[in-house]
Amino acid sequence: MSLDITRTTEIAIGMSKRRPFMLDLVKRLFREKPLGAFGLVVVLILLFAGIFADQLAPYAMNEIHLSDRLLPVFSPGYFLGTDHLGRDLLSNIIYGARISVIIGLSATALQQVIGITIGGTSALIMGKYDLIVQRIVDAVNSIPPLLILLTVMGIVGQGMIQIILVLGITGGIRDARINRSAVIALREHTYVQASDVIGCSFLRKFIKHIIPNIMYIVIIGFSIGIGGNIMQEATLSFLGFGVPPGVPSWGAMISQEGREYIELAPQLAIWPGLALGLVIYSCNMLGDALRDLLDPRLRGGLGRYTISKKRLEKIKARVGI
């Protein structure tokens with residue numbers, strides 16, 4: 001009987017391995033994690049709006065109509081109303097999505113690259129290098145992130161490039177500890193030790209054997225990091241340290257005309273705030289769902305990814321066991 005179960009499991013694993021990984025992941029996401037699927041849909045809508053903002057926005061960026069100042073929601077020609085300069089609020093929110101997409105994706109990608117590089121090399125080299133690097137990481141983690149961001153942005157000035165670099169570098173240093181722990185756990189595996197025996201270079205071992213085996217951490221960190229970086233950009237823009245004036249950003253929209261006209265036209269703060277909250281919530285839900293599906297330490301993670309009980313029963317019935 002045990003041989004039959006073993007054979008069934010091998011058949012199931014072989015069948016599941018032939019299925020495309022990403023397709024299987026998306027199917028499980030929609031079937032098992034509805035909130036995560038909702039987050040994925042919202043993130044894709046955000047990405048679509050950011051890429052095609054020029055085609056989707058009813059009006060050009062910062063197009064002014066002084067005769068239509070502070071119009072309410074559902075006004076003719078202005079679905080979400082206008083601001084104090086007669087600019088269409090819906091168009092500004094769509095263009096703000098482009099800013100969020102650019103900063104969120106770019107800063108998070110840079111954050112993951114720096115985190116993997118610092119944490120991975122520190123775990124593999126060890127010794128004095130690891131000691132020095134980890135003390136620097138500890139020093140950065142001991143300072144409140146917002147304080148670091150405000151200080152650095154006050155020095156380098158406003159701008160999208162500055163925001164991407166500051167968020168990516170500081171976030172990567174903070175994430176280095178997580179990646180270091182994951183690489184230390186992999187370092188004792190047989191295939192890593194075998195790469196040392198056959199004379200693999202440090203770079204080849206790092207790229208071919210280490211990075212592919214911590215990709216679940218990278219995917220989870222990337223999905224969660226997008227929402228965090230969008231929130232930090234909005235915070236900086238709200239405080240006047242983010243994007244330059246005139247560039248539509250959800251945080252700047254809430255801070256400037258949203259605060260100034262909160263009683264006369266509350267929609268100026270409500271709609272950008274709702275867009276910001278929905279995107280951040282969706283990114284967090286997507287990250288949590290991916291963690292549940294991919295993290296082998298959690299129930300339902302990669303350790304049982306290739307087969308479920310229900311699927312095993314179907315396969316056993318199919319093969320007559």
# chains A, B, ... in the order shown; residues from 1 in each chain; ligands from 1
call {"tool": "residues_around", "arguments": {"residues": "A:Ile226", "least_positions_apart": "2", "cutoff": "7 Å", "atoms": "only C-alpha atoms", "output": "compact mmCIF listing (two decimals) with C-alpha atoms, in the first residue's frame"}}
result
# COMPACT_ATOMS: atom_id res chain seq x y z
CA GLY A 104 6.64 52.06 -6.75
CA LEU A 105 8.12 49.66 -9.31
CA THR A 108 11.06 48.41 -5.12
CA PHE A 222 8.52 42.98 -4.13
CA SER A 223 4.72 42.78 -3.93
CA ILE A 224 4.63 44.19 -0.41
CA GLY A 228 5.11 50.59 1.05
CA ASN A 229 7.09 52.73 -1.39
CA ILE A 230 3.92 54.27 -2.85
CA CYS A 283 -0.57 45.49 -2.55
call {"tool": "select_by_dssp", "arguments": {"residues": "stretch 2-140 of chain A", "states": "alpha helix (DSSP H)", "output": "count of residues only"}}
result
101
call {"tool": "atom_distance", "arguments": {"atom1": "atom CA of A:Ala176", "atom2": "atom CA of A:Ile118"}}
result
5.7 Å
call {"tool": "closest_residue", "arguments": {"among": "A:Ile93, A:Leu286, A:Asp138, A:Tyr129", "to": "A:Ala252", "atoms": "only C-alpha atoms"}}
result
A:Ile93
call {"tool": "atom_distance", "arguments": {"atom1": "atom CA of A:Val192", "atom2": "atom CA of A:Asn179"}}
result
16.3 Å
call {"tool": "atom_distance", "arguments": {"atom1": "atom CA of A:Arg291", "atom2": "atom CA of A:Thr235"}}
result
26.3 Å
call {"tool": "closest_residue", "arguments": {"among": "A:Ser255, A:Thr82, A:Ser106, A:Ser75", "to": "A:Leu165", "atoms": "only C-alpha atoms"}}
result
A:Ser106
call {"tool": "residues_around", "arguments": {"residues": "A:Val101", "least_positions_apart": "6", "cutoff": "8 Å", "atoms": "only C-alpha atoms", "output": "list of chain:residue names"}}
result
A:Leu46, A:Leu47, A:Gly50
call {"tool": "write_last_selection", "arguments": {"atoms": "N, CA and C atoms", "output": "PDB file, in the first residue's frame"}}
result
ATOM      1  N   LEU A  46      -3.932  49.540 -11.805  1.00  0.00           N
ATOM      2  CA  LEU A  46      -3.014  50.656 -11.545  1.00  0.00           C
ATOM      3  C   LEU A  46      -1.912  50.703 -12.598  1.00  0.00           C
ATOM      4  N   LEU A  47      -1.338  49.536 -12.915  1.00  0.00           N
ATOM      5  CA  LEU A  47      -0.294  49.477 -13.931  1.00  0.00           C
ATOM      6  C   LEU A  47      -0.822  49.912 -15.290  1.00  0.00           C
ATOM      7  N   GLY A  50      -1.359  53.660 -15.285  1.00  0.00           N
ATOM      8  CA  GLY A  50      -0.105  54.391 -15.348  1.00  0.00           C
ATOM      9  C   GLY A  50       0.510  54.386 -16.730  1.00  0.00           C
TER      10      GLY A  50
END
call {"tool": "residues_around", "arguments": {"residues": "A:Gly227", "least_positions_apart": "4", "cutoff": "9 Å", "atoms": "only C-alpha atoms", "output": "VMD selection string"}}
result
chain A and resid 104 223 231 to 232 279 to 284
call {"tool": "write_last_selection", "arguments": {"atoms": "N, CA and C atoms", "output": "PDB file, in the first residue's frame"}}
result
ATOM      1  N   GLY A 104       6.831  53.323  -7.462  1.00  0.00           N
ATOM      2  CA  GLY A 104       6.642  52.063  -6.750  1.00  0.00           C
ATOM      3  C   GLY A 104       7.461  50.937  -7.345  1.00  0.00           C
ATOM      4  N   SER A 223       6.150  42.441  -3.926  1.00  0.00           N
ATOM      5  CA  SER A 223       4.721  42.775  -3.928  1.00  0.00           C
ATOM      6  C   SER A 223       4.343  43.653  -2.739  1.00  0.00           C
ATOM      7  N   MET A 231       3.294  54.455  -0.511  1.00  0.00           N
ATOM      8  CA  MET A 231       2.888  55.179   0.691  1.00  0.00           C
ATOM      9  C   MET A 231       3.960  56.160   1.140  1.00  0.00           C
ATOM     10  N   GLN A 232       5.220  55.764   1.074  1.00  0.00           N
ATOM     11  CA  GLN A 232       6.293  56.662   1.492  1.00  0.00           C
ATOM     12  C   GLN A 232       6.429  57.841   0.534  1.00  0.00           C
ATOM     13  N   VAL A 279      -4.936  51.186  -3.272  1.00  0.00           N
ATOM     14  CA  VAL A 279      -3.731  50.602  -3.865  1.00  0.00           C
ATOM     15  C   VAL A 279      -2.848  49.973  -2.798  1.00  0.00           C
ATOM     16  N   ILE A 280      -2.653  50.662  -1.694  1.00  0.00           N
ATOM     17  CA  ILE A 280      -1.791  50.124  -0.634  1.00  0.00           C
ATOM     18  C   ILE A 280      -2.413  48.876  -0.016  1.00  0.00           C
ATOM     19  N   TYR A 281      -3.708  48.923   0.222  1.00  0.00           N
ATOM     20  CA  TYR A 281      -4.400  47.735   0.748  1.00  0.00           C
ATOM     21  C   TYR A 281      -4.267  46.556  -0.210  1.00  0.00           C
ATOM     22  N   SER A 282      -4.445  46.809  -1.500  1.00  0.00           N
ATOM     23  CA  SER A 282      -4.371  45.737  -2.490  1.00  0.00           C
ATOM     24  C   SER A 282      -2.967  45.146  -2.560  1.00  0.00           C
ATOM     25  N   CYS A 283      -1.952  45.987  -2.520  1.00  0.00           N
ATOM     26  CA  CYS A 283      -0.568  45.485  -2.545  1.00  0.00           C
ATOM     27  C   CYS A 283      -0.282  44.627  -1.323  1.00  0.00           C
ATOM     28  N   ASN A 284      -0.757  45.040  -0.167  1.00  0.00           N
ATOM     29  CA  ASN A 284      -0.528  44.254   1.049  1.00  0.00           C
ATOM     30  C   ASN A 284      -1.268  42.922   0.999  1.00  0.00           C
TER      31      ASN A 284
END
call {"tool": "closest_residue", "arguments": {"among": "A:Leu110, A:Val197, A:Val152, A:Ile214", "to": "A:Ile173", "atoms": "only C-alpha atoms"}}
result
A:Leu110
call {"tool": "residues_around", "arguments": {"residues": "A:Tyr95", "least_positions_apart": "3", "cutoff": "6 Å", "atoms": "only C-alpha atoms", "output": "list in words"}}
result
Ala53, Asn92 and Arg98 of chain A
call {"tool": "residues_around", "arguments": {"residues": "stretch 236-246 of chain A", "least_positions_apart": "6", "cutoff": "12 Å", "atoms": "only C-alpha atoms", "output": "NGL selection string"}}
result
:A and (61-64 or 85 or 87 or 92 or 95-96 or 99-100 or 103 or 145-164 or 166-167 or 229-230 or 252-259 or 269 or 272-273)
call {"tool": "decode", "arguments": {"residues": "stretch 170-183 of chain A", "atoms": "N, CA and C atoms", "output": "PDB file, in the first residue's frame"}}
result
ATOM      1  N   THR A 170      17.659  53.004   0.941  1.00  0.00           N
ATOM      2  CA  THR A 170      17.347  52.816   2.364  1.00  0.00           C
ATOM      3  C   THR A 170      16.530  51.549   2.593  1.00  0.00           C
ATOM      4  N   GLY A 171      15.578  51.275   1.701  1.00  0.00           N
ATOM      5  CA  GLY A 171      14.785  50.046   1.835  1.00  0.00           C
ATOM      6  C   GLY A 171      15.622  48.804   1.631  1.00  0.00           C
ATOM      7  N   GLY A 172      16.571  48.854   0.684  1.00  0.00           N
ATOM      8  CA  GLY A 172      17.440  47.704   0.460  1.00  0.00           C
ATOM      9  C   GLY A 172      18.328  47.399   1.650  1.00  0.00           C
ATOM     10  N   ILE A 173      18.834  48.438   2.301  1.00  0.00           N
ATOM     11  CA  ILE A 173      19.664  48.221   3.492  1.00  0.00           C
ATOM     12  C   ILE A 173      18.846  47.606   4.613  1.00  0.00           C
ATOM     13  N   ARG A 174      17.590  48.057   4.767  1.00  0.00           N
ATOM     14  CA  ARG A 174      16.751  47.484   5.824  1.00  0.00           C
ATOM     15  C   ARG A 174      16.397  46.031   5.527  1.00  0.00           C
ATOM     16  N   ASP A 175      16.227  45.685   4.250  1.00  0.00           N
ATOM     17  CA  ASP A 175      15.844  44.312   3.880  1.00  0.00           C
ATOM     18  C   ASP A 175      17.029  43.352   3.852  1.00  0.00           C
ATOM     19  N   ALA A 176      18.234  43.860   4.000  1.00  0.00           N
ATOM     20  CA  ALA A 176      19.421  43.002   3.888  1.00  0.00           C
ATOM     21  C   ALA A 176      19.422  41.900   4.951  1.00  0.00           C
ATOM     22  N   ARG A 177      18.897  42.196   6.124  1.00  0.00           N
ATOM     23  CA  ARG A 177      18.902  41.200   7.210  1.00  0.00           C
ATOM     24  C   ARG A 177      18.032  39.993   6.847  1.00  0.00           C
ATOM     25  N   ILE A 178      16.895  40.226   6.216  1.00  0.00           N
ATOM     26  CA  ILE A 178      16.008  39.123   5.827  1.00  0.00           C
ATOM     27  C   ILE A 178      16.700  38.229   4.800  1.00  0.00           C
ATOM     28  N   ASN A 179      17.306  38.842   3.785  1.00  0.00           N
ATOM     29  CA  ASN A 179      17.984  38.063   2.747  1.00  0.00           C
ATOM     30  C   ASN A 179      19.203  37.341   3.306  1.00  0.00           C
ATOM     31  N   ARG A 180      19.888  37.949   4.228  1.00  0.00           N
ATOM     32  CA  ARG A 180      21.048  37.296   4.859  1.00  0.00           C
ATOM     33  C   ARG A 180      20.614  36.025   5.577  1.00  0.00           C
ATOM     34  N   SER A 181      19.515  36.082   6.310  1.00  0.00           N
ATOM     35  CA  SER A 181      19.026  34.897   7.031  1.00  0.00           C
ATOM     36  C   SER A 181      18.661  33.779   6.064  1.00  0.00           C
ATOM     37  N   ALA A 182      18.030  34.134   4.941  1.00  0.00           N
ATOM     38  CA  ALA A 182      17.646  33.118   3.962  1.00  0.00           C
ATOM     39  C   ALA A 182      18.869  32.463   3.324  1.00  0.00           C
ATOM     40  N   VAL A 183      19.889  33.243   3.028  1.00  0.00           N
ATOM     41  CA  VAL A 183      21.094  32.697   2.391  1.00  0.00           C
ATOM     42  C   VAL A 183      21.875  31.837   3.376  1.00  0.00           C
TER      43      VAL A 183
END
